[in-house]
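Right, one structure below, let's go through it.
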Amino acid sequence: MEIRILEKAKDKLSMSFMVRGTTPAYANTLRRFMMQEVPTMAIEDVEFTKNSSAMYDETVAHRLGLIPLTTDLKSYRVKKGPEDDGAAACEAIFTLKAKGPCTVYASALKGKDSKIVPVYPEMPICILLKGQELELSATAILGKGKEHTKWSAGHVWYSYEPTLTINPKSDQLESVKHLYPAQIFDKSGKIDKAAILDNNLVDAVDGVNDEVIKVEYNDKNIIFHVEAWGQLDAKAMVQKAIELFDEELDALEGAVKELQ
């Protein structure tokens, strides 16, 4: 198996990479691990001291839970049970105190750990009118996307490596040219293979006319596209998923040996 990075965003929140010599079953399992098994930090419990806003406590708490928080997997661990309640290694505590008139943003959440902060400080929570107040304490814990989407680290999808066969001399080109995206043609009007791949237009040209552009896929070489929400960067998200995948395989191997 070979892994090759194809593209990486400057903000490190998105990337594309190809895995050569794999199978769709492995690819789909890895995709699920990235989206559902990688733990991230999110607010789980909220205790209100004051709330005279127009929103119910439950609505404000729901919004707080959906605020992405930067995650430190080295300092925190997932709760194992009630015995971990209040454990510093399992919880990050935030406080919020605001008085209107103002818009309350995620930046109003104040915590003791500088490594656990809102990814998007300008995400609005609610609007307070004159005289309205909001005061609360919130507890964030590590969780997994399979439990609730607020703990999902990002979105992942994959596609098979495409192979394009282009026939620029086809007598059918002019009659179907208008069916193709304009971006795939260069200044001289010829089909630019690189433009199709760079602009992710393979699906747009597939099936239009195989005599002009024929698209074939190799399901042994799979291209992953990862978009992290910000709790972790895309690279850390992939690395943690592979680590967890390996742990599950080791556990399965041990269980099989016990049956023998």
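Residue names in the structure tokens use chain letters A, B, ... in the order shown, residue numbers from 1 in each chain, and ligand numbers from 1 in the order shown.
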field: Spatial neighbours of Pro162 (chain A), 8 Å, only C-alpha atoms, chain gap at least 2 places, as a count of residues only
entry: 7
message: Please list as JSON, numbers by chain every residue within 10 Å of Gly100 (chain A), counting only C-alpha atoms and excluding residues in the same chain fewer than 4 positions away.
response: {"A": [52, 53, 104, 127, 128, 129, 130, 131, 132, 133, 134]}
Go ahead and write the residues just picked, C-alpha atoms, as a PDB file, in the first residue's frame.
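Wrote it out as result.pdb, contents follow:
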```
ATOM      1  CA  SER A  52     -33.350  36.493  30.367  1.00  0.00           C
ATOM      2  CA  SER A  53     -32.760  36.292  26.614  1.00  0.00           C
ATOM      3  CA  VAL A 104     -23.087  37.111  22.327  1.00  0.00           C
ATOM      4  CA  ILE A 127     -28.744  38.438  20.880  1.00  0.00           C
ATOM      5  CA  LEU A 128     -29.388  40.211  24.173  1.00  0.00           C
ATOM      6  CA  LEU A 129     -31.603  43.293  24.314  1.00  0.00           C
ATOM      7  CA  LYS A 130     -31.158  46.084  26.837  1.00  0.00           C
ATOM      8  CA  GLY A 131     -31.366  44.704  30.375  1.00  0.00           C
ATOM      9  CA  GLN A 132     -31.199  41.047  29.293  1.00  0.00           C
ATOM     10  CA  GLU A 133     -28.469  38.862  30.777  1.00  0.00           C
ATOM     11  CA  LEU A 134     -26.855  35.507  30.138  1.00  0.00           C
TER      12      LEU A 134
END
```
- request: Could you please write out, as a PyMOL selection string, every residue of region 137-188 of chain A that DSSP assigns to helix (DSSP H, G or I)?
  value: chain A and resi 149-151+173-179+182-184
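On the backbone of this structure, DSSP gives strand (DSSP E) within region 154-255 of chain A to Gly154, His155, Val156, Trp157, Tyr158, Ser159, Tyr160, Glu161, Pro162, Thr163, Leu164, Thr165, Ile166, Ile213, Lys214, Val215, Glu216, Tyr217, Asn218, Asp219, Lys220, Asn221, Ile222, Ile223, Phe224, His225, Val226, Glu227 and Ala228 of chain A.
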Could the residues in this selection be saved with N, CA and C atoms as a PDB file, in the first residue's frame?
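Result went into again_31.pdb, see below:
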```pdb
ATOM      1  N   GLY A 154     -15.022  16.096  11.058  1.00  0.00           N
ATOM      2  CA  GLY A 154     -15.077  16.679   9.726  1.00  0.00           C
ATOM      3  C   GLY A 154     -15.820  15.784   8.758  1.00  0.00           C
ATOM      4  N   HIS A 155     -15.710  16.140   7.488  1.00  0.00           N
ATOM      5  CA  HIS A 155     -16.388  15.383   6.428  1.00  0.00           C
ATOM      6  C   HIS A 155     -15.335  14.719   5.544  1.00  0.00           C
ATOM      7  N   VAL A 156     -15.578  13.471   5.168  1.00  0.00           N
ATOM      8  CA  VAL A 156     -14.622  12.711   4.357  1.00  0.00           C
ATOM      9  C   VAL A 156     -15.371  11.976   3.247  1.00  0.00           C
ATOM     10  N   TRP A 157     -14.853  12.037   2.044  1.00  0.00           N
ATOM     11  CA  TRP A 157     -15.402  11.220   0.961  1.00  0.00           C
ATOM     12  C   TRP A 157     -14.231  10.759   0.081  1.00  0.00           C
ATOM     13  N   TYR A 158     -14.482   9.767  -0.743  1.00  0.00           N
ATOM     14  CA  TYR A 158     -13.417   9.255  -1.607  1.00  0.00           C
ATOM     15  C   TYR A 158     -13.959   8.924  -2.985  1.00  0.00           C
ATOM     16  N   SER A 159     -13.048   8.836  -3.921  1.00  0.00           N
ATOM     17  CA  SER A 159     -13.399   8.473  -5.296  1.00  0.00           C
ATOM     18  C   SER A 159     -12.277   7.600  -5.852  1.00  0.00           C
ATOM     19  N   TYR A 160     -12.591   6.846  -6.889  1.00  0.00           N
ATOM     20  CA  TYR A 160     -11.588   5.995  -7.517  1.00  0.00           C
ATOM     21  C   TYR A 160     -10.732   6.831  -8.478  1.00  0.00           C
ATOM     22  N   GLU A 161      -9.487   6.422  -8.645  1.00  0.00           N
ATOM     23  CA  GLU A 161      -8.585   7.151  -9.536  1.00  0.00           C
ATOM     24  C   GLU A 161      -9.121   7.073 -10.976  1.00  0.00           C
ATOM     25  N   PRO A 162      -9.336   8.228 -11.613  1.00  0.00           N
ATOM     26  CA  PRO A 162      -9.864   8.207 -12.983  1.00  0.00           C
ATOM     27  C   PRO A 162      -8.755   8.174 -14.031  1.00  0.00           C
ATOM     28  N   THR A 163      -9.053   7.533 -15.155  1.00  0.00           N
ATOM     29  CA  THR A 163      -8.167   7.553 -16.314  1.00  0.00           C
ATOM     30  C   THR A 163      -8.959   8.120 -17.480  1.00  0.00           C
ATOM     31  N   LEU A 164      -8.438   9.188 -18.091  1.00  0.00           N
ATOM     32  CA  LEU A 164      -9.148   9.859 -19.177  1.00  0.00           C
ATOM     33  C   LEU A 164      -8.504   9.529 -20.519  1.00  0.00           C
ATOM     34  N   THR A 165      -9.336   9.132 -21.452  1.00  0.00           N
ATOM     35  CA  THR A 165      -8.885   8.920 -22.831  1.00  0.00           C
ATOM     36  C   THR A 165      -9.605   9.945 -23.701  1.00  0.00           C
ATOM     37  N   ILE A 166      -8.829  10.872 -24.264  1.00  0.00           N
ATOM     38  CA  ILE A 166      -9.417  11.980 -25.038  1.00  0.00           C
ATOM     39  C   ILE A 166      -9.086  11.819 -26.516  1.00  0.00           C
ATOM     40  N   ILE A 213     -14.554  11.832 -24.895  1.00  0.00           N
ATOM     41  CA  ILE A 213     -13.841  11.664 -23.624  1.00  0.00           C
ATOM     42  C   ILE A 213     -14.356  10.398 -22.949  1.00  0.00           C
ATOM     43  N   LYS A 214     -13.486   9.441 -22.762  1.00  0.00           N
ATOM     44  CA  LYS A 214     -13.849   8.206 -22.080  1.00  0.00           C
ATOM     45  C   LYS A 214     -13.210   8.190 -20.694  1.00  0.00           C
ATOM     46  N   VAL A 215     -14.019   7.929 -19.686  1.00  0.00           N
ATOM     47  CA  VAL A 215     -13.535   7.905 -18.309  1.00  0.00           C
ATOM     48  C   VAL A 215     -13.611   6.480 -17.771  1.00  0.00           C
ATOM     49  N   GLU A 216     -12.494   6.002 -17.242  1.00  0.00           N
ATOM     50  CA  GLU A 216     -12.434   4.692 -16.602  1.00  0.00           C
ATOM     51  C   GLU A 216     -11.873   4.863 -15.192  1.00  0.00           C
ATOM     52  N   TYR A 217     -12.287   3.985 -14.275  1.00  0.00           N
ATOM     53  CA  TYR A 217     -11.884   4.128 -12.874  1.00  0.00           C
ATOM     54  C   TYR A 217     -11.134   2.889 -12.390  1.00  0.00           C
ATOM     55  N   ASN A 218     -10.146   3.124 -11.535  1.00  0.00           N
ATOM     56  CA  ASN A 218      -9.365   2.049 -10.923  1.00  0.00           C
ATOM     57  C   ASN A 218      -9.739   1.982  -9.441  1.00  0.00           C
ATOM     58  N   ASP A 219     -10.494   0.951  -9.035  1.00  0.00           N
ATOM     59  CA  ASP A 219     -10.952   0.860  -7.648  1.00  0.00           C
ATOM     60  C   ASP A 219      -9.876   0.340  -6.687  1.00  0.00           C
ATOM     61  N   LYS A 220      -8.655   0.168  -7.196  1.00  0.00           N
ATOM     62  CA  LYS A 220      -7.529  -0.218  -6.335  1.00  0.00           C
ATOM     63  C   LYS A 220      -6.737   1.014  -5.885  1.00  0.00           C
ATOM     64  N   ASN A 221      -6.912   2.112  -6.600  1.00  0.00           N
ATOM     65  CA  ASN A 221      -6.262   3.379  -6.244  1.00  0.00           C
ATOM     66  C   ASN A 221      -7.361   4.374  -5.874  1.00  0.00           C
ATOM     67  N   ILE A 222      -7.400   4.755  -4.616  1.00  0.00           N
ATOM     68  CA  ILE A 222      -8.531   5.533  -4.099  1.00  0.00           C
ATOM     69  C   ILE A 222      -8.071   6.895  -3.604  1.00  0.00           C
ATOM     70  N   ILE A 223      -8.793   7.932  -4.013  1.00  0.00           N
ATOM     71  CA  ILE A 223      -8.468   9.308  -3.638  1.00  0.00           C
ATOM     72  C   ILE A 223      -9.400   9.753  -2.512  1.00  0.00           C
ATOM     73  N   PHE A 224      -8.807  10.132  -1.388  1.00  0.00           N
ATOM     74  CA  PHE A 224      -9.561  10.633  -0.240  1.00  0.00           C
ATOM     75  C   PHE A 224      -9.585  12.163  -0.242  1.00  0.00           C
ATOM     76  N   HIS A 225     -10.724  12.710   0.145  1.00  0.00           N
ATOM     77  CA  HIS A 225     -10.865  14.154   0.315  1.00  0.00           C
ATOM     78  C   HIS A 225     -11.327  14.392   1.754  1.00  0.00           C
ATOM     79  N   VAL A 226     -10.543  15.143   2.506  1.00  0.00           N
ATOM     80  CA  VAL A 226     -10.816  15.361   3.929  1.00  0.00           C
ATOM     81  C   VAL A 226     -11.038  16.847   4.183  1.00  0.00           C
ATOM     82  N   GLU A 227     -12.150  17.179   4.835  1.00  0.00           N
ATOM     83  CA  GLU A 227     -12.445  18.553   5.244  1.00  0.00           C
ATOM     84  C   GLU A 227     -12.699  18.555   6.744  1.00  0.00           C
ATOM     85  N   ALA A 228     -11.747  19.075   7.518  1.00  0.00           N
ATOM     86  CA  ALA A 228     -11.886  19.133   8.972  1.00  0.00           C
ATOM     87  C   ALA A 228     -12.675  20.368   9.365  1.00  0.00           C
TER      88      ALA A 228
END
```
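Distances from A:Leu69, A:Val78, A:Val176, A:Ile184 to Gly230 (chain A) were compared using only C-alpha atoms, and the smallest one belongs to A:Leu69.
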